[in-house]
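Asks: Attaching a single structure in structure tokens format; questions to follow.
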Amino acid sequence: MSIYWNRRVVALSPYIPGEQPLDKTLIKLNTNENPYPPSPRVIEAIHRAAGDELRRYPDPACTEVRMAVAERYGVTPEQVFVGNGSDEVLAFAFAACFESSCHQARPILFPDITYSFYPVYAQFWDIPFTPVPVVEDFSITIEDYKQPSGGVVIPNPNAPTGRALSRTALASLVRYYEQTQEGRVVLVDEAYAAFGRDLEMASLTREHPNLLTVHTLSKAASLAGLRVGFAIGNPGLIQGLCRVRDSFNSYPVDRLAQAGAAAALKDAAYYEAVNQKVVATRSRVAQALQDRGYEVLPSQANFLMIRSPSQGGLEFFTYLRDRGILVRHFKGPRITDFLRVSIGTDAEMTRFLTHLPPPTDTCRGGEFPDGP
Ligand code: PMP
């Protein structure tokens, strides 16, 4: 707190990102990064871009990346917006698509257990919002969102649960909003969609002008360090995002990032192979955990949300951390007993499984079956 902050800054509750530890010996399973390296073509493209041309500003329109996205998703470059990580794209999308409370806007809707940046963006732009409770098994009921609102944000798969909605269910929501909620946007955050089965919705943006899909190269393209995300939508909606960007910073994506991102988008075969490995490891680990009595939410993402049969969430987190394994614990009424575990390499996940506490080590919540 400082006397030099304005009231707006005093009132903020910023997002707290997952830890990026300096200790490189930890097995890092806490921020859903891809355990496999980026495509060699990405590294070559970045090397090529790291030359004399760095004197010059990058292409503000990210033309090459937009063309590569258009090709990959079967849309036109006018339907694509590129930003500095999907966090920035989401921030701009909130600003461009949702009305603030000074215009007596209806609240936007998103799940109560979801990516914790959404309420931060809403608060930053003064957008009213109503969290919609997920069901007891952490699934989302699409019908709950079919009501008058200021718009909808749904990650598919959801984070941190990993649970996914079908494309059919989401398409029915998009149609409902198109037919009954004029001017209201359905934003689908597909950060983890590449790890699921038939989830991608971007092609539907051609028919539905109210659908905006948001994507990142951080997870499925092993490029969290490069900071590139993008949105796909109707050209008018995309122009709205450009207006917001150009009111902040016209060059958010640097030359190296644009070169690397375009190369990644063009090397689908490499990433398909890598992500299939992640999905195979996810199945193996989920099964191994269930065999030992852990609760494992069905995941279509590159992480598992798990509950120990014997330890509370924080206790389990500390137990693993003491053994050199870093996972993510969230404080929150229904998820505090769970840990989110990103899928690492097969070797890392084998070590993770080896370090789990023996079945009778402790009891959840400090309760002992035969008295204290
Ligand atoms: N959406 C969701 C659901 C996420 O979990 C994340 C990663 N924290 C992001 C968006 C942002 O990803 P990035 O900014 O790295 O593109």
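Just remember, in the structure tokens the first chain shown is A, the second B, etc., residues are 1-based per chain, and ligands are 1-based in the order shown.
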I need the residues of segment 145-303 of chain A that end up classed as alpha helix (DSSP H) by DSSP on the backbone, written out as a count of residues only.
Replies: 61
Asks: Sorted by chain and rising residue number, list the residues of chain A at most 6 Å from ligand 1 (counting only C-alpha atoms and all ligand atoms), each with its closest atom pair and distance in Å to one decimal, as a tab-separated table.
Replies:
```
residue	atom	partner	partner_atom_place_in_ligand_line	distance
A:Gly85	CA	ligand 1	16 (O)	3.8
A:Ser86	CA	ligand 1	16 (O)	3.5
A:Asp87	CA	ligand 1	14 (O)	3.8
A:Tyr115	CA	ligand 1	3 (C)	5.1
A:Pro155	CA	ligand 1	3 (C)	5.7
A:Ala159	CA	ligand 1	3 (C)	5.2
A:Asp189	CA	ligand 1	1 (N)	5.9
A:Ala191	CA	ligand 1	1 (N)	5.0
A:Thr216	CA	ligand 1	16 (O)	4.3
A:Ser218	CA	ligand 1	15 (O)	4.8
A:Ala224	CA	ligand 1	15 (O)	5.4
A:Gly229	CA	ligand 1	16 (O)	5.0
```
Asks: Excluding same-chain residues fewer than 2 positions from segment 345-360 of chain A, what lies within 10 Å of it counting only C-alpha atoms, as an MDAnalysis selection string?
Replies: chainID A and resid 27:29 34:36 277:278 280:282 284:285 288:289 292:294 308:311 316 319:320 323:326 341:343 362:363
Asks: So, with only C-alpha atoms as the atoms that count, which of A:Val132, A:Ile306, A:Ile108, A:Ala269 lies closest to Gln287 of chain A?
Replies: A:Ile306
Asks: I need the residues in segment 89-288 of chain A that are strand (DSSP E or B) according to DSSP; give them as a ChimeraX atom specification.
Replies: /A:108-111,129-132,152-155,186-189,211-216,229-232
Asks: Suppose you want the space between atom CA of Leu22 of chain A and atom CA of Gly312 of chain A; what is it in Å?
Replies: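 The value is 26.6 Å.
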Asks: Quick one: of A:Ala70, A:Ala261, A:Ile46, A:Val120, who's nearest to Ile16 of chain A, counting only C-alpha atoms?
Replies: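 Of A:Ala70, A:Ala261, A:Ile46, A:Val120, the one nearest Ile16 of chain A, counting only C-alpha atoms, is A:Val120.
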Asks: Would you kindly return, as a list in words, each protein, DNA or RNA residue with an atom no farther than 10 Å from any atom of Glu182 of chain A, considering only C-alpha atoms and excluding same-chain residues fewer than 2 positions away?
Replies: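 The residues that qualify are Gly150, Gly151, Tyr177, Glu178, Gln179, Thr180, Arg184, Val185 and Asn210 of chain A.
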Asks: Which value, in Å to one decimal, gives the distance between atom CA of Val42 of chain A and atom CA of Val327 of chain A?
Replies: 28.0 Å
Asks: Between A:Asp52, A:Glu64, A:Asp23, A:Asp322, which residue has the minimum interatomic distance to Ala259 of chain A, considering only C-alpha atoms?
Replies: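 Checking each candidate against Ala259 of chain A, we get A:Glu64 as the closest.
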Asks: Find the residues near Leu314 of chain A: any atom within 9 Å, counting only C-alpha atoms, skip ones fewer than 5 places away on the same chain, and give them as a list of chain:residue names.
Replies: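 Listed by chain and then number, they are A:Tyr319, A:His329, A:Phe330, A:Lys331, A:Thr336, A:Asp337, A:Phe338, A:Leu339.
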Asks: Print the selection's residues with N, CA and C atoms to a file, as a compact mmCIF listing (two decimals), in the first residue's frame.
Replies:
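Saved file selection_39.txt follows:
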```txt
# COMPACT_ATOMS: atom_id res chain seq x y z
N TYR A 319 3.63 -32.15 1.72
CA TYR A 319 4.28 -33.47 1.69
C TYR A 319 5.06 -33.64 0.39
N HIS A 329 -1.96 -25.96 -5.20
CA HIS A 329 -3.06 -26.06 -4.25
C HIS A 329 -3.85 -24.77 -4.32
N PHE A 330 -5.19 -24.87 -4.39
CA PHE A 330 -6.04 -23.68 -4.41
C PHE A 330 -6.84 -23.63 -3.13
N LYS A 331 -6.89 -22.42 -2.56
CA LYS A 331 -7.76 -22.26 -1.40
C LYS A 331 -9.15 -21.94 -1.93
N THR A 336 -10.37 -27.00 -1.72
CA THR A 336 -9.20 -26.92 -0.85
C THR A 336 -8.58 -28.28 -0.53
N ASP A 337 -9.36 -29.35 -0.66
CA ASP A 337 -8.81 -30.68 -0.40
C ASP A 337 -8.18 -31.30 -1.65
N PHE A 338 -8.28 -30.58 -2.76
CA PHE A 338 -7.73 -31.12 -4.02
C PHE A 338 -6.38 -30.49 -4.35
N LEU A 339 -5.61 -31.18 -5.15
CA LEU A 339 -4.41 -30.61 -5.75
C LEU A 339 -4.53 -30.72 -7.26
```
